[in-house]
$ cat start.cif   # mmCIF, C-alpha atoms
data_coords
#
loop_
_atom_site.label_atom_id
_atom_site.label_comp_id
_atom_site.auth_asym_id
_atom_site.auth_seq_id
_atom_site.Cartn_x
_atom_site.Cartn_y
_atom_site.Cartn_z
CA MET E 5 288.83 292.12 -22.19
CA THR E 6 285.49 293.62 -21.29
CA ALA E 7 283.05 292.12 -18.80
CA ALA E 8 280.72 291.17 -21.67
CA GLU E 9 283.56 289.36 -23.45
CA CYS E 10 284.45 287.51 -20.25
CA LYS E 11 280.84 286.39 -19.82
CA ALA E 12 280.65 285.26 -23.45
CA ARG E 13 283.85 283.26 -23.06
CA ALA E 14 282.55 281.66 -19.85
CA ARG E 15 279.34 280.65 -21.68
CA ASP E 16 281.45 279.12 -24.46
CA HIS E 17 283.42 277.13 -21.90
CA GLN E 18 280.24 275.92 -20.18
CA ARG E 19 278.69 274.94 -23.51
CA LEU E 20 281.70 272.85 -24.54
CA GLU E 21 281.84 271.14 -21.16
CA HIS E 22 278.08 270.44 -21.30
CA ASN E 23 278.40 268.97 -24.79
CA LEU E 24 281.24 266.69 -23.75
CA ARG E 25 279.32 265.54 -20.66
CA LEU E 26 276.33 264.69 -22.87
CA ILE E 27 278.60 262.68 -25.14
CA GLN E 28 279.91 260.82 -22.07
CA GLN E 29 276.34 259.72 -21.35
CA ILE E 30 276.14 258.05 -24.75
CA PHE E 31 279.73 256.87 -25.16
CA THR E 32 281.63 255.77 -22.07
CA VAL E 33 284.67 257.60 -20.73
CA ALA E 34 286.67 254.44 -21.44
CA GLU E 35 285.54 254.47 -25.07
CA LEU E 36 286.22 258.19 -25.54
CA SER E 37 289.63 258.03 -23.88
CA GLU E 38 290.53 255.13 -26.18
CA VAL E 39 289.57 257.24 -29.21
CA LEU E 40 292.16 259.79 -28.11
CA GLY E 41 294.70 257.20 -27.02
CA VAL E 42 294.80 258.49 -23.45
CA SER E 43 294.07 256.92 -20.08
CA ILE E 44 290.75 257.33 -18.31
CA ASN E 45 292.55 259.42 -15.68
CA THR E 46 293.89 261.74 -18.39
CA TRP E 47 290.40 262.11 -19.86
CA THR E 48 289.01 262.91 -16.40
CA ASN E 49 291.73 265.49 -15.79
CA ARG E 50 291.14 267.11 -19.17
CA MET E 51 287.42 267.39 -18.42
CA LYS E 52 288.26 269.77 -15.55
CA GLU E 53 289.02 272.43 -18.19
CA PRO E 54 288.14 270.93 -21.56
CA TRP E 55 288.49 274.27 -23.39
CA ARG E 56 292.20 274.31 -22.42
CA ARG E 57 293.17 270.70 -22.08
CA PHE E 58 291.66 269.16 -25.22
CA SER E 59 293.46 270.03 -28.41
CA TYR E 60 291.79 270.92 -31.67
CA ASP E 61 292.76 267.46 -32.95
CA ASP E 62 291.24 265.83 -29.86
CA LEU E 63 287.93 267.61 -30.36
CA ARG E 64 287.98 266.82 -34.08
CA ALA E 65 288.55 263.10 -33.31
CA ILE E 66 285.72 263.09 -30.75
CA ALA E 67 283.32 264.73 -33.21
CA GLN E 68 284.27 262.33 -35.98
CA TYR E 69 283.99 259.24 -33.77
CA CYS E 70 280.63 260.33 -32.33
CA ARG E 71 279.37 261.45 -35.75
CA ILE E 72 278.70 264.95 -34.51
CA ASP E 73 279.35 268.09 -36.49
CA PHE E 74 282.59 269.59 -35.17
CA VAL E 75 281.21 273.14 -35.08
CA LYS E 76 278.13 271.95 -33.20
CA LEU E 77 280.37 270.21 -30.66
CA VAL E 78 282.47 273.27 -29.90
CA ASP E 79 280.00 276.08 -30.55
CA GLY E 80 276.49 274.57 -30.54
CA GLU E 81 274.23 272.95 -28.02
CA LEU E 82 273.97 269.19 -28.27
CA LYS E 83 270.82 267.45 -27.12
CA ILE E 84 270.08 263.83 -26.44
CA GLY E 85 267.26 262.33 -28.40
#
$ encode --input "start.cif" --output "structure tokens"
Amino acid sequence: MTAAECKARARDHQRLEHNLRLIQQIFTVAELSEVLGVSINTWTNRMKEPWRRFSYDDLRAIAQYCRIDFVKLVDGELKIG
């Protein structure tokens, strides 16, 4: 993997984490963990590396529950407001 590809991947990871943190500001961690059927501790642990620890199905369920386009969640930039 080239340096440019590594940087692009890091930006993707940061974008997903940022989007999930924004969602946490609107929906509580308790609410989001319930959507996935996991404990709050599990949610918190998954947020340490969301690009690895959340499955495709997890992200799809989050997007559906929050009424956010799935592609925008994983590859776009969400904004509040």
$ closest_residue --input "start.cif" --among "E:Arg71, E:His17, E:Lys52, E:Lys76" --to "Phe31 (chain E)" --atoms "all atoms listed in the file"
E:Arg71
$ closest_residue --input "start.cif" --among "E:Glu38, E:Trp55, E:Cys70, E:Gln28" --to "Arg13 (chain E)" --atoms "all atoms listed in the file"
E:Trp55
$ resolve_selection --input "start.cif" --expression "the PyMOL selection byres ((chain E and resi 51) around 12)" --output "VMD selection string"
chain E and resid 17 to 18 20 to 25 28 33 36 to 37 44 to 50 52 to 59 63
$ atom_distance --input "start.cif" --atom1 "CA of Ile66 (chain E)" --atom2 "CA of Val39 (chain E)"
7.2 Å
$ atom_distance --input "start.cif" --atom1 "CA of Ile84 (chain E)" --atom2 "CA of Glu35 (chain E)"
18.1 Å
$ closest_residue --input "start.cif" --among "E:Ala67, E:Leu26, E:Ala12, E:Val42" --to "Leu82 (chain E)" --atoms "only C-alpha atoms"
E:Leu26
$ atom_distance --input "start.cif" --atom1 "CA of Gly41 (chain E)" --atom2 "CA of Tyr69 (chain E)"
12.8 Å
$ residues_around --input "start.cif" --residues "Arg19 (chain E)" --least-positions-apart "5" --cutoff "9 Å" --atoms "only C-alpha atoms" --output "PyMOL selection string"
chain E and resi 14+24+77-82
$ write_last_selection --input "start.cif" --atoms "C-alpha atoms" --output "PDB file, in the coordinates of the input"
ATOM      1  CA  ALA E  14     282.550 281.660 -19.850  1.00  0.00           C
ATOM      2  CA  LEU E  24     281.240 266.690 -23.750  1.00  0.00           C
ATOM      3  CA  LEU E  77     280.370 270.210 -30.660  1.00  0.00           C
ATOM      4  CA  VAL E  78     282.470 273.270 -29.900  1.00  0.00           C
ATOM      5  CA  ASP E  79     280.000 276.080 -30.550  1.00  0.00           C
ATOM      6  CA  GLY E  80     276.490 274.570 -30.540  1.00  0.00           C
ATOM      7  CA  GLU E  81     274.230 272.950 -28.020  1.00  0.00           C
ATOM      8  CA  LEU E  82     273.970 269.190 -28.270  1.00  0.00           C
TER       9      LEU E  82
END
$ closest_residue --input "start.cif" --among "E:Ile27, E:Met5, E:Cys10, E:Asp61" --to "Leu40 (chain E)" --atoms "only C-alpha atoms"
E:Asp61
$ decode --input "start.cif" --residues "region 25-66 of chain E" --atoms "N, CA and C atoms" --output "tab-separated table (two decimals), in the first residue's frame"
chain	number	residue	atom	x	y	z
E	25	ARG	N	-19.71	9.80	16.05
E	25	ARG	CA	-19.71	10.68	17.22
E	25	ARG	C	-20.80	11.75	17.09
E	26	LEU	N	-21.03	12.25	15.88
E	26	LEU	CA	-22.13	13.19	15.67
E	26	LEU	C	-23.47	12.53	15.98
E	27	ILE	N	-23.63	11.32	15.52
E	27	ILE	CA	-24.87	10.59	15.78
E	27	ILE	C	-25.07	10.41	17.28
E	28	GLN	N	-23.99	10.15	18.01
E	28	GLN	CA	-24.08	10.00	19.47
E	28	GLN	C	-24.55	11.28	20.15
E	29	GLN	N	-24.34	12.43	19.53
E	29	GLN	CA	-24.80	13.69	20.10
E	29	GLN	C	-26.31	13.83	19.97
E	30	ILE	N	-26.87	13.17	18.97
E	30	ILE	CA	-28.32	13.26	18.73
E	30	ILE	C	-29.05	12.11	19.42
E	31	PHE	N	-28.52	10.92	19.25
E	31	PHE	CA	-29.07	9.72	19.86
E	31	PHE	C	-28.08	9.29	20.94
E	32	THR	N	-28.55	8.88	22.07
E	32	THR	CA	-27.64	8.52	23.16
E	32	THR	C	-26.92	7.20	22.86
E	33	VAL	N	-25.81	7.01	23.55
E	33	VAL	CA	-25.07	5.75	23.44
E	33	VAL	C	-25.97	4.59	23.88
E	34	ALA	N	-26.76	4.82	24.92
E	34	ALA	CA	-27.67	3.77	25.40
E	34	ALA	C	-28.66	3.39	24.30
E	35	GLU	N	-29.20	4.39	23.62
E	35	GLU	CA	-30.17	4.14	22.56
E	35	GLU	C	-29.52	3.40	21.39
E	36	LEU	N	-28.34	3.85	20.99
E	36	LEU	CA	-27.66	3.23	19.85
E	36	LEU	C	-27.20	1.81	20.17
E	37	SER	N	-26.73	1.59	21.38
E	37	SER	CA	-26.32	0.24	21.75
E	37	SER	C	-27.52	-0.70	21.78
E	38	GLU	N	-28.67	-0.18	22.19
E	38	GLU	CA	-29.89	-0.99	22.20
E	38	GLU	C	-30.29	-1.37	20.78
E	39	VAL	N	-30.12	-0.45	19.83
E	39	VAL	CA	-30.43	-0.75	18.43
E	39	VAL	C	-29.65	-1.96	17.96
E	40	LEU	N	-28.39	-2.06	18.39
E	40	LEU	CA	-27.54	-3.17	17.97
E	40	LEU	C	-27.65	-4.39	18.88
E	41	GLY	N	-28.33	-4.22	20.01
E	41	GLY	CA	-28.46	-5.33	20.94
E	41	GLY	C	-27.17	-5.64	21.67
E	42	VAL	N	-26.39	-4.59	21.94
E	42	VAL	CA	-25.13	-4.75	22.67
E	42	VAL	C	-25.15	-3.86	23.91
E	43	SER	N	-24.23	-4.11	24.81
E	43	SER	CA	-24.14	-3.29	26.02
E	43	SER	C	-23.50	-1.94	25.69
E	44	ILE	N	-23.66	-1.01	26.59
E	44	ILE	CA	-23.02	0.30	26.44
E	44	ILE	C	-21.50	0.13	26.42
E	45	ASN	N	-20.98	-0.77	27.24
E	45	ASN	CA	-19.54	-1.02	27.25
E	45	ASN	C	-19.06	-1.54	25.91
E	46	THR	N	-19.84	-2.44	25.30
E	46	THR	CA	-19.47	-2.97	23.98
E	46	THR	C	-19.47	-1.85	22.95
E	47	TRP	N	-20.50	-1.00	22.99
E	47	TRP	CA	-20.54	0.14	22.06
E	47	TRP	C	-19.28	1.00	22.24
E	48	THR	N	-18.97	1.32	23.48
E	48	THR	CA	-17.81	2.17	23.77
E	48	THR	C	-16.52	1.51	23.25
E	49	ASN	N	-16.38	0.23	23.46
E	49	ASN	CA	-15.19	-0.47	22.97
E	49	ASN	C	-15.14	-0.48	21.44
E	50	ARG	N	-16.27	-0.66	20.80
E	50	ARG	CA	-16.30	-0.65	19.33
E	50	ARG	C	-15.95	0.73	18.77
E	51	MET	N	-16.28	1.77	19.51
E	51	MET	CA	-15.99	3.13	19.03
E	51	MET	C	-14.49	3.44	19.04
E	52	LYS	N	-13.69	2.60	19.68
E	52	LYS	CA	-12.24	2.80	19.66
E	52	LYS	C	-11.68	2.57	18.26
E	53	GLU	N	-12.27	1.68	17.50
E	53	GLU	CA	-11.93	1.41	16.11
E	53	GLU	C	-13.20	1.03	15.35
E	54	PRO	N	-14.06	1.99	15.11
E	54	PRO	CA	-15.36	1.65	14.53
E	54	PRO	C	-15.27	1.02	13.13
E	55	TRP	N	-14.23	1.35	12.38
E	55	TRP	CA	-14.07	0.80	11.03
E	55	TRP	C	-13.76	-0.70	11.08
E	56	ARG	N	-13.28	-1.20	12.20
E	56	ARG	CA	-13.00	-2.63	12.36
E	56	ARG	C	-14.04	-3.35	13.19
E	57	ARG	N	-14.55	-2.67	14.18
E	57	ARG	CA	-15.35	-3.37	15.19
E	57	ARG	C	-16.85	-3.35	14.94
E	58	PHE	N	-17.32	-2.44	14.08
E	58	PHE	CA	-18.73	-2.47	13.70
E	58	PHE	C	-18.83	-3.24	12.39
E	59	SER	N	-19.80	-4.13	12.35
E	59	SER	CA	-20.01	-4.91	11.13
E	59	SER	C	-20.81	-4.08	10.12
E	60	TYR	N	-20.85	-4.57	8.92
E	60	TYR	CA	-21.69	-3.97	7.88
E	60	TYR	C	-23.13	-3.90	8.38
E	61	ASP	N	-23.61	-5.00	8.95
E	61	ASP	CA	-24.99	-5.03	9.45
E	61	ASP	C	-25.22	-4.03	10.57
E	62	ASP	N	-24.22	-3.85	11.44
E	62	ASP	CA	-24.32	-2.86	12.51
E	62	ASP	C	-24.49	-1.46	11.92
E	63	LEU	N	-23.63	-1.13	10.98
E	63	LEU	CA	-23.68	0.21	10.37
E	63	LEU	C	-24.98	0.41	9.60
E	64	ARG	N	-25.45	-0.63	8.94
E	64	ARG	CA	-26.73	-0.56	8.22
E	64	ARG	C	-27.87	-0.30	9.20
E	65	ALA	N	-27.87	-1.00	10.35
E	65	ALA	CA	-28.91	-0.82	11.36
E	65	ALA	C	-28.87	0.60	11.95
E	66	ILE	N	-27.68	1.11	12.20
E	66	ILE	CA	-27.53	2.47	12.72
E	66	ILE	C	-28.09	3.47	11.72
